[in-house]
Amino acid sequence: MQDFEELGREVRALRDRLSRLSDASLRISESLDVDTVLREVADSARVLTGAGCSGIATVDGSGQLEDFVTSGLSAGERERLLALSYGPELWEYLRELPGPFRVGNLPAHLSSVGLPEDHTLVRSFLGTPIRHRGVHVGNFYLGDKESGQEFTTADEEILVLFASHAGAAIANARTHRDEQRARADLEALIDTTPVGVVVLDARSGKVASLNREGRRILKDLCLPGQLAEDLLEVLRVRRADGREVALDRTPLKQVLSDAVAVRVEEIVLEVPDGRKLNTLINATPIRSGQGEVESVVVTLQDLTPLEEVEVLRAEFLGMVSHELQAPLTSIKGSAGTLLAASTALRPAEMVQFFRIIDEQADHMRQLIGDLLDAAHIEAGRLSVALEPADLAVVVDQARNLYVSGGGTNPVAIDLPPDLPHVLADRQRIVQVLGNLISNAARHSPRSSPVRVTAEQEGVHVAVSVIDEGPGIPAERLPHLFRKFARSARRDRGRGVGSGLGLAICKGLVEAHGGRIWAESAGEGPGARFTFTIPVIDEARSVVAAAPSRVGRDLRVGAGDALQVLVVDDDPKALLYARGILEEAGHRAIVTGDPDEVPLLLETHRPDLVLLDLLLPGTDGIELMQGLPALADRPVIFMSVYGRDETVARALETGAADYLVKPFSPTELGARIKAAIRKRAGPAEPYRVGELAIHYDERRVTLAGQPVELTATEYDLLSALSAKAGRVSSYDYLLRRVWRSRRAGKPRIVRVYVRKLRNKLGDDARNPTYVFTVPRVGYRMARPGDG
């Protein structure tokens with residue numbers, strides 16, 4: 001009878017355990033949010049075994065720690081656990097245990113395997129690996145039962161059973177998270193792509209999705225208040241072979257049911273009131289397993305900009321023909337009159353004819369010079385001879401040149417007296433200023449002044465030319481510096497120019513290592529054109545040298561020579577770069593093999609790296625992301641690709657600059673100097689609110705009181721503040737602060753940002769200094785923003 005009672009108790013206990021295990025399994029499977037699942041798993045493991053505390057450590061596919069979630073520990077106890085001096089060795093030992101591990105005296109056991117006997121840890125311990133389909137997902141760590149007893153075999157068995165359920169729940173949550181991220185990334189990619197994307201549902205004949213560029217393209221065909229999706233009911237589609245589909249007569253559902261692939265076809269979209277849009281279209285039907293069309297993905301590009309370029313090109317050729325024909329006619333007529341005069345001309349009359357010939361020849365020379373400059377800029381062969389220059393003198397020369405050329409608008413110069421000298425080709429900067437002043441005057445009333453101002457901005461001086469003419473529409477601003485571009489402003493009948501002036505200005509400024517841009521309030525009065533040129537250290541002597549392809553001021557003395565690593569698989573490019581660097585006084589280390597880069601970085605410790613974008617088996621961006629040592633020095637990318645998105649991707653990786661091949665020796669030298677100056681870091685302290693960061697002293701104060709930071713905490717704060725106002729991504733911070741190759745593992749960044757916020761008294765929900773940019777990283781407030 002006693003045996004039956006004992007058996008009954010065991011059965012009831014087993015049922016109770018299975019019931020609790022079933023309840024716990026259901027709880028951890030209710031959510032697909034990774035953080036929620038991990039919290040439920042940690043809580044349930046503690047409840048199932050009666051443990052006083054529990055923890056779950058998960059690892060990623062490479063075996064690196066991904067998450068550590070605890071239950072039953074206070075915030076202080078958790079922090080102390082994470083801050084153990086022998087923590088890495090302890091976690092490594094526990095993680096490598098092949099199966100369940102139960103011990104009554106954990107400190108004594110650790111001492112027996114060579115680890116410190118730390119009695120601040122739990123005494124009774126139970127742990128087990130978590131696996132899913134043979135893959136190691138993480139580990140359970142449980143400590144000190146609430147009853148004060150040691151963990152039992154029954155506790156171990158139920159934890160092992162629960163671990164298999166937990167592994168499945170964690171894997172499902174991760175899969176869901178990865179799918180959501182991939183879906184969000186794909187949606188963001190489609191929505192931001194510069195090509196219109198339309199997904200049509202073949203069953204309903206409706207638009208399933210339409211991205212931002214697609215809406216912009218179709219907006220011109222919509223009536224006020226009409227949605228782009230509604231166009232499908234009235235649109236007429238005329239294909240390249242002349243076939244036409246009128247969607248107001250043929251339902252789209254019927255058209256889609258017979259859809260076939262379309263590849264790079266020019267198709268005209270037309271609405272009933274006659275408005276048309278010429279597009280380049282690709283269409284791909286998506287079919288079910290039975291072969292029926294389920295949806296059609298359409299990509300469309302607006303051909304209007306290309307048509308405008310062709311019109312501009314034709315207008316430009318016509319303008320050049322006219323501009324050359326007119327002076328040639330005058331020269332030919334004057335010379336013919338002088339040669340064919342039947343009677344001797346008086347000296348005064350002959351002088352007039354010679355003056356006409358001289359003026360018209362000057363006009364032709366200027367036009368041909370513009371054409372040659374534009375050709376040299378496009379080919380990357382434009383060179384500038386840099387030397388120290390007083391900007392006030394250069395601006396005055398440009399004004400005098402404008403006035404002597406017949407300019408009538410007053411030019412007002414407003415320069416600060418303490419403006420530093422700049423590194424410039426004086427003649428070329430006079431040319432830039434002359435073009436900008438003439439452009440401003442051409443679009444301004446005759447009596448309104450053109451103002452020239454300048455101010456120092458870090459290692460550059462920003463020079464602005466401001467007019468009071470009509471504004472420039474915002475959509476035209478990015479296109480002003482292209483060849484043949486029109487400003488969309490009336491020129492007040494003051495001549496049309498060659499259409500190359502602003503494009504030449506851009507090429508000349510970039511050859512100096514600067515940049516140029518335009519600002520305007522749109523329809524309001526006035527426009528501002530600004531360009532930057534680098535400043536120079538006046539205390540540094542200029543090394544005199546014989547004329548060569550390297551500008552005099554780019555040569556350096558022995559004390560200023562740099563070690564530059566050049567990585568490029570093109571032997572000619574390596575030879576070209578090495579020649580420029582060595583002629584300037586630097587030491588070049590060259591390689592065409594990306595596998596040699598780690599050793600060269602360690603052996604030579606170069607001051608700067610010139611890195612080709614495309615390399616054998618990899619690209620420069622991947623190489624930079626995979627080599628933390630590259631984050632310690634300025635990197636300038638080199639490539640024949642000059643697309644904005646490519647340049648932006650390289651700069652977001654942490655590059656100091658980006659050079660488009662082919663480039664001139666002068667431009668390379670100027671970019672190197674700017675990168676080295678930029679790398680020196682900000683000289684002025686960072687100040688926002690009560691926070692001050694003194695970079696030169698590696699000191700941080702809050703309301704005048706020192707803030708004690710660890711080296712890593714200071715490096716993180718310095719990296720964030722150096723990009724104040726801009727977002728620092730997790731990947732950037734991992735490379736910059738931790739020199740880590742494990743991009744995409746933001747946990748350590750979050751932990752240290754939390755520590756920083758605690759020490760700065762910064763509330764994450766209402767921050768003053770460090771702001772979270774969800775799923776991207778962090779940014780700090782820009783000084784002066786408020």
# chains A, B, ... in the order shown; residues from 1 in each chain; ligands from 1
call {"tool": "residues_around", "arguments": {"residues": "A:Tyr778", "least_positions_apart": "4", "cutoff": "7 Å", "atoms": "only C-alpha atoms", "output": "CSV table (one decimal) with N, CA, C and O atoms, in the first residue's frame"}}
result
chain,number,residue,atom,x,y,z
A,727,VAL,N,24.5,61.7,-37.4
A,727,VAL,CA,24.3,60.4,-36.8
A,727,VAL,C,25.6,59.6,-36.8
A,727,VAL,O,26.2,59.5,-37.9
A,728,SER,N,26.0,59.0,-35.7
A,728,SER,CA,27.1,58.0,-35.6
A,728,SER,C,26.4,56.6,-35.5
A,728,SER,O,25.8,56.3,-34.6
A,729,SER,N,26.6,55.8,-36.6
A,729,SER,CA,26.0,54.5,-36.6
A,729,SER,C,26.7,53.6,-35.7
A,729,SER,O,27.8,53.8,-35.2
A,770,VAL,N,22.9,63.1,-25.6
A,770,VAL,CA,23.0,62.0,-26.4
A,770,VAL,C,21.6,61.5,-26.9
A,770,VAL,O,20.8,61.1,-26.0
A,771,PHE,N,21.3,61.6,-28.2
A,771,PHE,CA,20.0,61.2,-28.7
A,771,PHE,C,20.1,59.9,-29.4
A,771,PHE,O,21.0,59.6,-30.2
A,772,THR,N,19.1,59.0,-29.2
A,772,THR,CA,19.0,57.7,-29.9
A,772,THR,C,18.3,57.9,-31.3
A,772,THR,O,17.3,58.6,-31.4
A,773,VAL,N,18.9,57.3,-32.3
A,773,VAL,CA,18.3,57.2,-33.6
A,773,VAL,C,18.0,55.7,-33.8
A,773,VAL,O,18.9,54.9,-34.0
call {"tool": "residues_around", "arguments": {"residues": "stretch 349-361 of chain A", "least_positions_apart": "3", "cutoff": "6 Å", "atoms": "only C-alpha atoms", "output": "list of chain:residue names"}}
result
A:Pro327, A:Ile331, A:Ser334, A:Arg346, A:Met364
call {"tool": "write_last_selection", "arguments": {"atoms": "all heavy atoms", "output": "short mmCIF file (atom, residue, chain, number, x, y, z; two decimals), in the first residue's frame"}}
result
data_model
loop_
_atom_site.label_atom_id
_atom_site.label_comp_id
_atom_site.auth_asym_id
_atom_site.auth_seq_id
_atom_site.Cartn_x
_atom_site.Cartn_y
_atom_site.Cartn_z
N PRO A 327 32.07 86.93 -83.63
CA PRO A 327 33.38 87.60 -83.70
C PRO A 327 34.13 87.31 -85.00
O PRO A 327 34.85 88.18 -85.52
CB PRO A 327 34.12 87.06 -82.48
CG PRO A 327 33.43 85.82 -82.09
CD PRO A 327 32.00 86.01 -82.47
N ILE A 331 35.68 90.09 -87.36
CA ILE A 331 37.10 90.08 -87.73
C ILE A 331 37.25 90.03 -89.24
O ILE A 331 38.06 90.77 -89.84
CB ILE A 331 37.81 88.89 -87.05
CG1 ILE A 331 37.87 89.11 -85.53
CG2 ILE A 331 39.21 88.69 -87.62
CD1 ILE A 331 38.37 87.90 -84.76
N SER A 334 36.23 93.40 -90.78
CA SER A 334 37.21 94.47 -90.55
C SER A 334 38.47 94.23 -91.37
O SER A 334 39.02 95.17 -91.98
CB SER A 334 37.57 94.54 -89.05
OG SER A 334 36.43 94.85 -88.28
N ARG A 346 42.26 106.69 -93.28
CA ARG A 346 42.95 107.53 -92.32
C ARG A 346 43.41 106.68 -91.12
O ARG A 346 42.80 105.68 -90.78
CB ARG A 346 42.02 108.65 -91.85
CG ARG A 346 41.59 109.57 -92.98
CD ARG A 346 40.57 110.57 -92.46
NE ARG A 346 40.12 111.45 -93.53
CZ ARG A 346 39.18 112.36 -93.41
NH1 ARG A 346 38.54 112.45 -92.24
NH2 ARG A 346 38.85 113.13 -94.44
N MET A 364 36.78 85.59 -78.46
CA MET A 364 36.95 84.21 -78.92
C MET A 364 37.90 83.44 -78.00
O MET A 364 37.66 82.28 -77.65
CB MET A 364 37.47 84.18 -80.36
CG MET A 364 36.46 84.61 -81.40
SD MET A 364 37.14 84.50 -83.06
CE MET A 364 37.42 82.76 -83.20
#
call {"tool": "residues_around", "arguments": {"residues": "stretch 230-242 of chain A", "least_positions_apart": "4", "cutoff": "7 Å", "atoms": "only C-alpha atoms", "output": "ChimeraX atom specification"}}
result
/A:226,246-248,265-272
call {"tool": "write_last_selection", "arguments": {"atoms": "N, CA, C and O atoms", "output": "CSV table (one decimal), in the first residue's frame"}}
result
chain,number,residue,atom,x,y,z
A,226,GLN,N,-5.9,64.8,-56.9
A,226,GLN,CA,-6.0,63.4,-57.4
A,226,GLN,C,-4.8,62.6,-57.0
A,226,GLN,O,-3.7,63.0,-56.9
A,246,ALA,N,-5.9,51.9,-73.7
A,246,ALA,CA,-6.6,53.0,-72.9
A,246,ALA,C,-7.3,52.3,-71.7
A,246,ALA,O,-8.2,51.5,-71.9
A,247,LEU,N,-6.8,52.6,-70.5
A,247,LEU,CA,-7.3,52.0,-69.3
A,247,LEU,C,-8.7,52.4,-68.9
A,247,LEU,O,-9.3,51.8,-68.1
A,248,ASP,N,-9.1,53.5,-69.6
A,248,ASP,CA,-10.5,53.9,-69.3
A,248,ASP,C,-11.5,53.1,-70.1
A,248,ASP,O,-12.7,53.1,-69.8
A,265,GLU,N,11.9,49.7,-72.4
A,265,GLU,CA,11.1,50.2,-73.6
A,265,GLU,C,10.6,51.6,-73.2
A,265,GLU,O,10.1,51.9,-72.1
A,266,GLU,N,10.7,52.5,-74.2
A,266,GLU,CA,10.2,53.9,-74.1
A,266,GLU,C,8.7,53.9,-74.2
A,266,GLU,O,8.2,53.5,-75.3
A,267,ILE,N,8.0,54.3,-73.2
A,267,ILE,CA,6.5,54.2,-73.3
A,267,ILE,C,6.0,55.6,-72.8
A,267,ILE,O,6.5,56.2,-71.9
A,268,VAL,N,5.0,56.1,-73.6
A,268,VAL,CA,4.4,57.4,-73.3
A,268,VAL,C,3.1,57.2,-72.5
A,268,VAL,O,2.3,56.4,-72.8
A,269,LEU,N,3.1,57.9,-71.3
A,269,LEU,CA,1.9,57.9,-70.5
A,269,LEU,C,1.1,59.1,-70.7
A,269,LEU,O,1.7,60.2,-70.7
A,270,GLU,N,-0.2,59.0,-71.0
A,270,GLU,CA,-1.0,60.2,-71.4
A,270,GLU,C,-2.3,60.2,-70.6
A,270,GLU,O,-2.9,59.1,-70.4
A,271,VAL,N,-2.8,61.4,-70.2
A,271,VAL,CA,-4.1,61.5,-69.5
A,271,VAL,C,-5.1,62.2,-70.5
A,271,VAL,O,-4.6,62.8,-71.5
A,272,PRO,N,-6.4,62.1,-70.2
A,272,PRO,CA,-7.4,62.6,-71.2
A,272,PRO,C,-7.2,64.1,-71.6
A,272,PRO,O,-7.5,64.5,-72.7
call {"tool": "residues_around", "arguments": {"residues": "A:Val737", "least_positions_apart": "2", "cutoff": "10 Å", "atoms": "only C-alpha atoms", "output": "PyMOL selection string"}}
result
chain A and resi 628+631-632+711-719+732-735+739-740+749
call {"tool": "write_last_selection", "arguments": {"atoms": "C-alpha atoms", "output": "PDB file, in the first residue's frame"}}
result
ATOM      1  CA  PRO A 628      39.929  48.179 -37.477  1.00  0.00           C
ATOM      2  CA  ALA A 631      40.008  53.574 -38.400  1.00  0.00           C
ATOM      3  CA  ASP A 632      43.150  54.917 -36.671  1.00  0.00           C
ATOM      4  CA  ALA A 711      39.117  55.506 -21.360  1.00  0.00           C
ATOM      5  CA  THR A 712      36.432  53.727 -23.408  1.00  0.00           C
ATOM      6  CA  GLU A 713      33.680  56.029 -22.148  1.00  0.00           C
ATOM      7  CA  TYR A 714      35.736  59.106 -23.066  1.00  0.00           C
ATOM      8  CA  ASP A 715      36.583  57.727 -26.528  1.00  0.00           C
ATOM      9  CA  LEU A 716      32.870  57.056 -27.143  1.00  0.00           C
ATOM     10  CA  LEU A 717      31.865  60.556 -26.020  1.00  0.00           C
ATOM     11  CA  SER A 718      34.647  62.100 -28.132  1.00  0.00           C
ATOM     12  CA  ALA A 719      33.605  60.127 -31.229  1.00  0.00           C
ATOM     13  CA  TYR A 732      31.012  53.432 -37.081  1.00  0.00           C
ATOM     14  CA  LEU A 733      31.265  53.517 -33.282  1.00  0.00           C
ATOM     15  CA  LEU A 734      32.365  49.874 -33.068  1.00  0.00           C
ATOM     16  CA  ARG A 735      35.180  50.559 -35.513  1.00  0.00           C
ATOM     17  CA  ARG A 739      38.340  48.792 -33.288  1.00  0.00           C
ATOM     18  CA  SER A 740      35.898  45.939 -33.733  1.00  0.00           C
ATOM     19  CA  VAL A 749      27.555  50.366 -27.687  1.00  0.00           C
TER      20      VAL A 749
END
call {"tool": "residues_around", "arguments": {"residues": "A:Ala656", "least_positions_apart": "2", "cutoff": "6 Å", "atoms": "only C-alpha atoms", "output": "ChimeraX atom specification"}}
result
/A:634-636,675
call {"tool": "atom_distance", "arguments": {"atom1": "atom CA of A:Val776", "atom2": "atom CA of A:Tyr730"}}
result
6.4 Å
call {"tool": "closest_atom_pairs", "arguments": {"of": "stretch 136-209 of chain A", "to": "stretch 49-54 of chain A", "cutoff": "7 Å", "atoms": "only C-alpha atoms", "output": "Markdown table"}}
result
| residue | atom | partner | partner_atom | distance |
| --- | --- | --- | --- | --- |
| A:Tyr141 | CA | A:Ser54 | CA | 5.6 |
| A:Leu142 | CA | A:Ser54 | CA | 4.3 |
| A:Gly143 | CA | A:Cys53 | CA | 5.5 |
| A:Asp144 | CA | A:Gly52 | CA | 5.4 |
| A:Lys145 | CA | A:Ala51 | CA | 4.0 |
| A:Glu146 | CA | A:Gly52 | CA | 4.8 |
| A:Asp155 | CA | A:Thr49 | CA | 5.3 |
call {"tool": "residues_around", "arguments": {"residues": "stretch 408-414 of chain A", "least_positions_apart": "6", "cutoff": "7 Å", "atoms": "only C-alpha atoms", "output": "list in words"}}
result
Arg399, Ala441, Arg446, Ser447, Ser448, Pro449, Val450, Arg451, Val452 and Thr453 of chain A
call {"tool": "residues_around", "arguments": {"residues": "A:Arg174", "least_positions_apart": "2", "cutoff": "10 Å", "atoms": "only C-alpha atoms", "output": "number ranges by chain"}}
result
A: 32-35, 37, 168-172, 176-180
call {"tool": "closest_residue", "arguments": {"among": "A:Leu317, A:Val461, A:Leu221, A:Leu48", "to": "A:Pro416", "atoms": "only C-alpha atoms"}}
result
A:Val461
call {"tool": "select_by_dssp", "arguments": {"residues": "stretch 331-439 of chain A", "states": "helix (DSSP H, G or I)", "output": "ChimeraX atom specification"}}
result
/A:331-340,347-379,391-404,426-439
call {"tool": "atom_distance", "arguments": {"atom1": "atom CA of A:Ala261", "atom2": "atom CA of A:Val296"}}
result
9.0 Å
call {"tool": "atom_distance", "arguments": {"atom1": "atom CA of A:Ser721", "atom2": "atom CA of A:Met780"}}
result
5.9 Å
call {"tool": "select_by_dssp", "arguments": {"residues": "stretch 317-539 of chain A", "states": "strand (DSSP E or B)", "output": "PyMOL selection string"}}
result
chain A and resi 387-389+411-414+422-424+450-457+460-470+516-520+525-535
call {"tool": "closest_residue", "arguments": {"among": "A:Asn400, A:Ala462, A:Ala724, A:Gln325", "to": "A:Leu367", "atoms": "only C-alpha atoms"}}
result
A:Gln325
call {"tool": "closest_residue", "arguments": {"among": "A:His109, A:Arg677, A:Arg750, A:Arg181", "to": "A:Leu94", "atoms": "only C-alpha atoms"}}
result
A:His109
